[in-house]
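Text of the file coords_14.txt, holding compact mmCIF, C-alpha atoms:
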# COMPACT_ATOMS: atom_id res chain seq x y z
CA MET A 1 76.97 133.24 95.14
CA THR A 2 78.06 136.36 93.30
CA THR A 3 81.39 135.37 91.77
CA ARG A 4 83.41 132.22 92.32
CA ARG A 5 86.79 131.24 91.03
CA VAL A 6 87.14 127.47 90.88
CA SER A 7 89.99 125.15 89.89
CA TRP A 8 89.76 121.46 88.97
CA ARG A 9 92.34 118.78 88.09
CA ARG A 10 91.98 115.50 86.23
CA SER A 11 93.13 112.41 88.11
CA ASP A 12 93.43 109.97 85.19
CA GLU A 13 96.02 109.52 82.42
CA VAL A 14 94.95 112.80 80.75
CA ARG A 15 96.86 115.61 82.41
CA ALA A 16 94.74 118.74 82.59
CA ASP A 17 93.92 121.58 84.95
CA GLU A 18 91.07 124.06 84.72
CA HIS A 19 90.42 127.52 86.13
CA CYS A 20 86.92 129.01 85.83
CA THR A 21 85.24 132.21 86.98
CA ILE A 22 81.51 131.70 87.59
CA SER A 23 79.54 134.94 87.90
CA LEU A 24 75.88 135.33 88.81
CA ARG A 25 74.26 138.61 87.81
CA ASP A 26 70.69 139.82 87.20
CA ALA A 27 71.05 139.01 83.49
CA GLY A 28 72.12 135.41 84.23
CA LEU A 29 75.10 133.20 84.88
CA SER A 30 78.43 133.29 83.06
CA LEU A 31 81.33 130.86 82.97
CA VAL A 32 84.75 132.05 81.79
CA GLY A 33 87.47 129.43 81.93
CA THR A 34 90.69 127.93 80.68
CA VAL A 35 91.74 124.29 80.48
CA LEU A 36 95.50 123.63 80.24
CA GLY A 37 97.04 120.29 79.40
CA ALA A 38 98.86 118.31 76.73
CA GLU A 39 97.92 115.80 74.06
CA ASP A 40 100.35 113.65 72.04
CA GLY A 41 103.24 115.74 73.37
CA ALA A 42 101.74 119.08 72.26
CA PRO A 43 100.59 121.76 74.71
CA VAL A 44 96.82 122.32 74.75
CA ARG A 45 94.98 125.43 75.91
CA ILE A 46 91.18 125.66 75.67
CA GLU A 47 89.52 128.96 76.51
CA TYR A 48 85.75 129.25 76.83
CA ARG A 49 83.00 131.69 77.71
CA VAL A 50 79.42 130.55 78.32
CA LEU A 51 76.58 133.00 78.90
CA CYS A 52 73.16 132.05 80.25
CA ASP A 53 69.98 134.11 80.49
CA ALA A 54 68.05 134.78 83.69
CA SER A 55 66.19 131.44 83.36
CA GLY A 56 69.50 129.53 83.28
CA ALA A 57 69.28 128.61 79.58
CA THR A 58 72.48 128.91 77.55
CA SER A 59 72.44 131.91 75.23
CA ALA A 60 76.03 132.09 73.86
CA VAL A 61 79.19 129.99 73.83
CA HIS A 62 82.65 130.95 72.60
CA VAL A 63 85.51 128.42 72.49
CA ARG A 64 89.12 128.85 71.38
CA ASP A 65 91.17 125.64 71.12
CA LEU A 66 94.95 125.97 70.81
CA ARG A 67 97.01 122.81 70.21
CA GLY A 68 100.67 123.50 69.61
CA PHE A 69 100.53 126.36 67.10
CA ALA A 70 97.15 125.36 65.61
CA GLN A 71 94.16 127.45 66.66
CA ARG A 72 90.46 126.78 66.08
CA THR A 73 87.37 128.56 67.31
CA LEU A 74 83.69 127.70 67.76
CA THR A 75 80.79 130.05 68.43
CA LEU A 76 77.28 128.92 69.39
CA SER A 77 74.26 131.08 70.09
CA ARG A 78 70.73 130.32 71.16
CA GLY A 79 67.95 132.80 70.43
CA ALA A 80 65.02 133.68 72.70
CA LYS A 81 62.82 131.19 70.78
CA GLY A 82 65.38 128.38 71.16
CA ALA A 83 66.93 128.44 67.66
CA TRP A 84 70.67 127.67 67.64
CA THR A 85 73.43 128.83 65.34
CA VAL A 86 76.89 127.28 64.99
CA ASP A 87 79.52 129.74 63.73
CA GLY A 88 76.68 131.94 62.45
CA ALA A 89 74.83 129.21 60.51
CA ALA A 90 71.43 127.93 61.66
CA SER A 91 71.57 124.47 63.25
CA ARG A 92 68.30 122.54 63.22
CA ALA A 93 70.15 119.55 64.70
CA LEU A 94 70.32 121.36 68.07
CA LYS A 95 66.58 122.05 68.25
CA GLY A 96 65.33 121.40 71.78
CA CYS A 97 68.70 121.93 73.47
CA ILE A 98 68.70 124.36 76.40
CA ASP A 99 72.14 123.73 77.90
CA VAL A 100 75.65 123.44 76.52
CA ASP A 101 78.03 120.69 77.62
CA LEU A 102 81.72 121.33 77.01
CA GLY A 103 83.30 117.88 76.83
CA CYS A 104 86.62 119.27 78.13
CA SER A 105 85.22 120.73 81.36
CA PRO A 106 83.17 119.85 84.46
CA SER A 107 81.99 123.46 84.77
CA THR A 108 79.03 123.20 82.38
CA ASN A 109 77.40 120.39 84.39
CA THR A 110 76.64 123.14 86.93
CA LEU A 111 74.22 124.74 84.43
CA PRO A 112 71.47 122.07 84.28
CA ILE A 113 71.91 121.23 87.97
CA ARG A 114 71.19 124.85 88.94
CA ARG A 115 68.47 125.28 86.31
CA LEU A 116 66.54 122.07 87.05
CA ARG A 117 66.53 122.39 90.88
CA LEU A 118 65.67 118.71 91.31
CA GLY A 119 64.41 117.41 94.64
CA VAL A 120 66.13 114.39 96.20
CA GLY A 121 65.03 111.28 94.28
CA ALA A 122 63.87 113.28 91.23
CA SER A 123 65.22 112.73 87.73
CA LYS A 124 65.08 114.75 84.51
CA THR A 125 66.27 114.07 80.96
CA ILE A 126 67.43 117.05 78.91
CA GLN A 127 68.90 117.70 75.49
CA ALA A 128 72.28 119.45 75.50
CA ALA A 129 74.48 120.92 72.80
CA TRP A 130 77.53 118.72 73.41
CA VAL A 131 80.84 120.22 72.24
CA ARG A 132 83.29 117.39 71.60
CA PHE A 133 87.05 117.66 71.96
CA PRO A 134 89.52 117.46 70.28
CA ALA A 135 87.22 117.42 67.20
CA LEU A 136 85.58 120.74 68.23
CA THR A 137 82.26 119.57 66.82
CA VAL A 138 78.82 119.95 68.38
CA GLU A 139 75.92 117.50 68.50
CA LYS A 140 72.69 116.99 70.41
CA ALA A 141 73.11 114.72 73.44
CA ARG A 142 70.38 113.22 75.60
CA GLN A 143 71.44 113.55 79.25
CA THR A 144 69.74 112.42 82.45
CA TYR A 145 70.37 113.95 85.87
CA THR A 146 69.10 112.11 88.96
CA ARG A 147 69.48 113.68 92.40
CA LEU A 148 70.62 110.97 94.83
CA ASP A 149 70.99 113.10 97.97
CA GLU A 150 71.58 116.71 98.95
CA PHE A 151 74.92 117.00 97.13
CA THR A 152 75.13 113.97 94.81
CA TYR A 153 73.70 113.45 91.32
CA ARG A 154 73.92 110.59 88.84
CA TYR A 155 74.65 111.73 85.30
CA ALA A 156 73.92 109.43 82.36
CA SER A 157 74.35 109.98 78.63
CA GLY A 158 74.51 107.11 76.15
CA ASP A 159 76.68 104.37 77.69
CA PHE A 160 78.41 106.77 80.09
CA GLU A 161 77.37 107.14 83.75
CA ALA A 162 79.07 108.98 86.60
CA GLU A 163 78.28 110.56 89.93
CA LEU A 164 78.65 114.30 90.47
CA VAL A 165 79.16 115.94 93.84
CA VAL A 166 78.18 119.61 94.10
CA ASP A 167 78.27 122.30 96.77
CA ASP A 168 75.43 124.42 98.19
CA ASP A 169 75.28 126.51 94.99
CA GLY A 170 75.25 123.54 92.60
CA VAL A 171 78.87 124.12 91.53
CA VAL A 172 80.60 120.85 90.65
CA ALA A 173 83.14 119.68 93.25
CA GLN A 174 83.80 116.20 91.82
CA TYR A 175 82.80 114.55 88.57
CA ALA A 176 84.28 111.38 87.04
CA GLU A 177 88.02 112.05 86.73
CA TRP A 178 87.74 115.76 87.67
CA GLU A 179 88.23 116.94 91.25
CA ARG A 180 87.96 120.48 92.55
CA THR A 181 91.31 121.69 93.92
CA GLY A 182 90.36 125.23 94.94
CA VAL A 183 87.44 127.63 95.32
CA SER A 184 87.17 131.29 96.28
CA THR A 185 84.16 133.62 96.51
CA GLY A 186 84.55 137.31 95.81
CA PRO A 187 82.91 140.49 94.53
CA ASP A 188 80.86 140.46 91.36
CA ASP A 189 82.73 143.37 89.78
CA THR A 190 86.00 141.62 88.92
CA GLU A 191 87.78 143.19 85.96
CA PRO A 192 89.65 141.19 83.33
CA LEU A 193 93.36 141.95 82.94
CA ASP A 194 92.96 143.09 79.32
CA SER A 195 90.23 145.64 80.04
CA ARG A 196 92.65 148.57 80.34
Could you rewrite the structure in this file as structure tokens?
Amino acid sequence: MTTRRVSWRRSDEVRADEHCTISLRDAGLSLVGTVLGAEDGAPVRIEYRVLCDASGATSAVHVRDLRGFAQRTLTLSRGAKGAWTVDGAASRALKGCIDVDLGCSPSTNTLPIRRLRLGVGASKTIQAAWVRFPALTVEKARQTYTRLDEFTYRYASGDFEAELVVDDDGVVAQYAEWERTGVSTGPDDTEPLDSR
């Protein structure tokens, strides 16, 4: 995988679609995506960018949440020694977290799946920086991934459990109410529209 563009759609009462560009480079993996939907009659647009280092650990997260005409942002960063900051302030509460989990998106489940490289039947519990929506708050979440077969994992966190189906590269194809609707692989030198 060099670069993939992936789309997902929710199949429950929450109407939302997502488009994400997943790029793998020497420096690490990046996710750049947008979730579009509505809540309480207001249009919702969530934009995110997640950067990981060469080991697969999250190093930076940027989120912009637009609901109607209200806009909020959140910035997380993780230093080389594992210390996190939230909007520039040190966060001891996230100590031990390696991955980020955006509660609005299935894309970030790809990160621990690729990083852990579990064998079939193996299980691993991690700590993730869980970004909650619509509150746009972040907290430490204990999450367990169990590989059931070549493409299926069981995810458990607190009282919630769901199966994830992934492709050959560990990119999520189906997770709870999210289902992949499209995927395309392309060159790794794609240029954003606003770069000129």
Handout entry: A:Ala122 surroundings by only C-alpha atoms, 10 Å radius, close-in-sequence under 5 positions cut, as a list in words
Key =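 The neighbour list is Arg117, Tyr145, Thr146, Arg147, Leu148, Asp149 and Tyr153 of chain A.
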Handout entry: Interatomic distance, atom CA of A:Cys20 to atom CA of A:Ser107 (Å, one decimal)
Key =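 So the answer is 7.5 Å.
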Handout entry: One-decimal distance in Å that lies between atom CA of A:Thr3 and atom CA of A:Glu163
Key =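 A separation of 25.1 Å between them.
Going from atom CA of A:Ser11 to atom CA of A:Trp178 covers 6.4 Å.
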Near stretch 183-188 of chain A, counting all atoms listed in the file, which residues have an atom at most 9 Å away, once you skip same-chain residues fewer than 4 positions from it, shown as a compact mmCIF listing (two decimals) with C-alpha atoms, keeping the file's coordinate frame?
# COMPACT_ATOMS: atom_id res chain seq x y z
CA MET A 1 76.97 133.24 95.14
CA THR A 2 78.06 136.36 93.30
CA THR A 3 81.39 135.37 91.77
CA ARG A 4 83.41 132.22 92.32
CA ARG A 5 86.79 131.24 91.03
CA VAL A 6 87.14 127.47 90.88
CA SER A 7 89.99 125.15 89.89
CA SER A 23 79.54 134.94 87.90
CA LEU A 24 75.88 135.33 88.81
CA ARG A 25 74.26 138.61 87.81
Each residue of stretch 127-160 of chain A with at least one atom at most 12 Å from stretch 40-57 of chain A should appear once, together with its nearest atom pair and the corresponding distance in Å (one decimal); atoms considered: all atoms listed in the file; ordering: chain, then increasing residue number; output as a Markdown table.
| residue | atom | partner | partner_atom | distance |
| --- | --- | --- | --- | --- |
| A:Gln127 | CA | A:Ala57 | CA | 11.7 |
| A:Ala128 | CA | A:Ala57 | CA | 10.5 |
| A:Ala129 | CA | A:Ala57 | CA | 11.5 |
| A:Val131 | CA | A:Tyr48 | CA | 11.3 |
| A:Phe133 | CA | A:Ile46 | CA | 9.7 |
| A:Pro134 | CA | A:Val44 | CA | 9.8 |
| A:Leu136 | CA | A:Ile46 | CA | 10.5 |
Problem - Among the residues A:Ala173, A:Leu118, A:Ile126, A:Leu74, the one that comes closest to A:Asp99 [using all atoms listed in the file] - result: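 Result for the nearest residue to A:Asp99: A:Ile126.
Among A:Gly103, A:Gly33, A:Gly28, A:Gly68, the residue with the shortest atom-to-atom distance to A:Ala141, counting only C-alpha atoms, is A:Gly103.
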